[in-house]
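A short write-up of the structure that comes next.
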Amino acid sequence: MSHDPVTNAMLDLVRSQDPDIAHLIAAEGDRQASTIELIASENHVSPAVQHAMGTCLTNKYAEGYPGARYYGGCEFHDAIETIARERAKELFGCAFANVQPHSGAQANMAAFLATMDPGDTFASLVLKDGGHLSHGMKINFSGKFYTPVHYPLHYDAGHPEHERIDYDAVRTVCLEHKPCALLCGYSAYPRVINFARFREIADEVGAILIADVAHIAGLCATGVHPNPFPHAHVVTTTTHKTLRGPRGGLIMTNDEELAKKIDRSLFPGVQGGPLMHMIGAKAVAFAEALKPEFKAYCERVVENAQGLAKGLQARGYRITSGGTENHLMLVDLRTRDESLTGADAEVWLEAAGIITNKNGIPDDPRPPRVTSGLRLGSPAATTRGFGASEMDQIAGWIDRTLSAGGEAATTQQVREEVRELCGRFPIWGETVAG
Ligand SMILES: *Cc1c(COP(=O)(O)O)cnc(C)c1O
């Protein structure tokens, strides 16, 4: 085990109070250092972001907003939250930002509360087609308190738009159901989203357009993917995926009336006191994202995803929709081996040191706990410095591991090669476990 000196000092302190948890934190650090993270929603935050989280800011109650708090002693918290808001606005080029959501799902809950009444109808993409739990699943608040209707993907093998958003169908669904809100932005969609087209449809039926850019926020903020502004009325996002900040959420708008409703909806509507240590860390991450290096990083994220997709295609795997234009892809495992499932592939790859998640592919005949697909993403691998040759090497390791069907000798050999590569690409300059 070896971390940067600040982390080591922190761990020593934790160890003196709680050796069990200190041991597990160190083990997790080793795991991250020695494996390749391909989960599309994960990333490695910078040491500055990580350390901003572990500060005295957590001690303070700051219910309310800058200049209008319910507790005394918020002078520095006001300044921090104001800076975080200003940086978020600059990143996305919008007029209002609320940096308090504890998570992406909380951001969506506040956006819904601000734009709809209970029972109202909204249109979205269903989870199994690439949408999110909070976009109308029956087991989630969004499906319990509101009435979701779903628009389909284009599904017509051989058609150039196969497995992509079918904008004509979005319009048809909206004309039929007259939703109060139209949602775009997804968890497992590898193509560029046409926000302007979504806005046209929303305007035609009088719906509020909510763009949930949780996955692609970093790409949107740097112009590597089109910005949802000025098209979306409300933009929600997480801060911890491609944006590479601390775990949390963010809501933005250009509309002053909507901004007031969103603020009231989040607090006191959904949350109590804000996590001020996370808001401090968000501000640090936003400053990083405003630098030219972050744009270069986001460009490499897309190049690396495309490189990985090509490497897998060359080895006989079908990538849904024929490839990727962002940071993620869905691999149709059946095209390599009819009996291969996402569940098996995830477990075998983890044993080889390659961390992924099983994921349904469009029109997947298998249930969600099994699936026929893997979702792979490049944000974390790109942060640690991987480029084209490493992505092709990873495609080779994935194929070797899956072709061996989890057989121990091959898996172990790949595991050693993965460990060796990781040793040469320490995360943020940290050295790998010995
Ligand atoms: C990840 C994600 C969320 C939720 O984020 P949490 O922070 O996990 O609550 C919301 N919407 C989309 C599209 C996502 O991908």
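Lettering and numbering for the structure tokens are positional, with chains as A, B, ... in the shown order, residues counted from 1 in each chain, and ligands counted from 1 in the shown order.
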
Check every protein, DNA and RNA residue against ligand 1, keep those with an atom at most 9 Å away (counting only C-alpha atoms and all ligand atoms), and present them as a ChimeraX atom specification. /A:41,101-108,130-135,184-188,211-216,236-241,247-249

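Between Val126 in chain A and the residues A:Trp348, A:Tyr151, A:Phe145, A:Tyr167, the shortest atom-to-atom distance, using only C-alpha atoms, involves A:Tyr151.
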
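For the pair CA of Asn326 in chain A and CA of Arg191 in chain A, the separation is 6.3 Å.
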
Can you tell me, as a ChimeraX atom specification, what residues are no more than 9 Å from Val347 in chain A when counting only C-alpha atoms, ignoring any on the same chain fewer than 4 positions away? /A:342-343,351-352,355-357,406

Could you save the residues just selected, with C-alpha atoms, as a PDB file, in the first residue's frame?
```pdb
ATOM      1  CA  GLY A 342     -23.457  -9.882 -19.103  1.00  0.00           C
ATOM      2  CA  ALA A 343     -23.590 -11.390 -15.602  1.00  0.00           C
ATOM      3  CA  ALA A 351     -11.334 -11.616 -11.641  1.00  0.00           C
ATOM      4  CA  ALA A 352      -8.979 -10.426 -14.395  1.00  0.00           C
ATOM      5  CA  ILE A 355     -14.092  -3.632 -13.667  1.00  0.00           C
ATOM      6  CA  THR A 356     -17.292  -3.335 -15.732  1.00  0.00           C
ATOM      7  CA  ASN A 357     -21.036  -3.654 -15.308  1.00  0.00           C
ATOM      8  CA  GLY A 406     -13.538 -17.541 -16.832  1.00  0.00           C
TER       9      GLY A 406
END
```
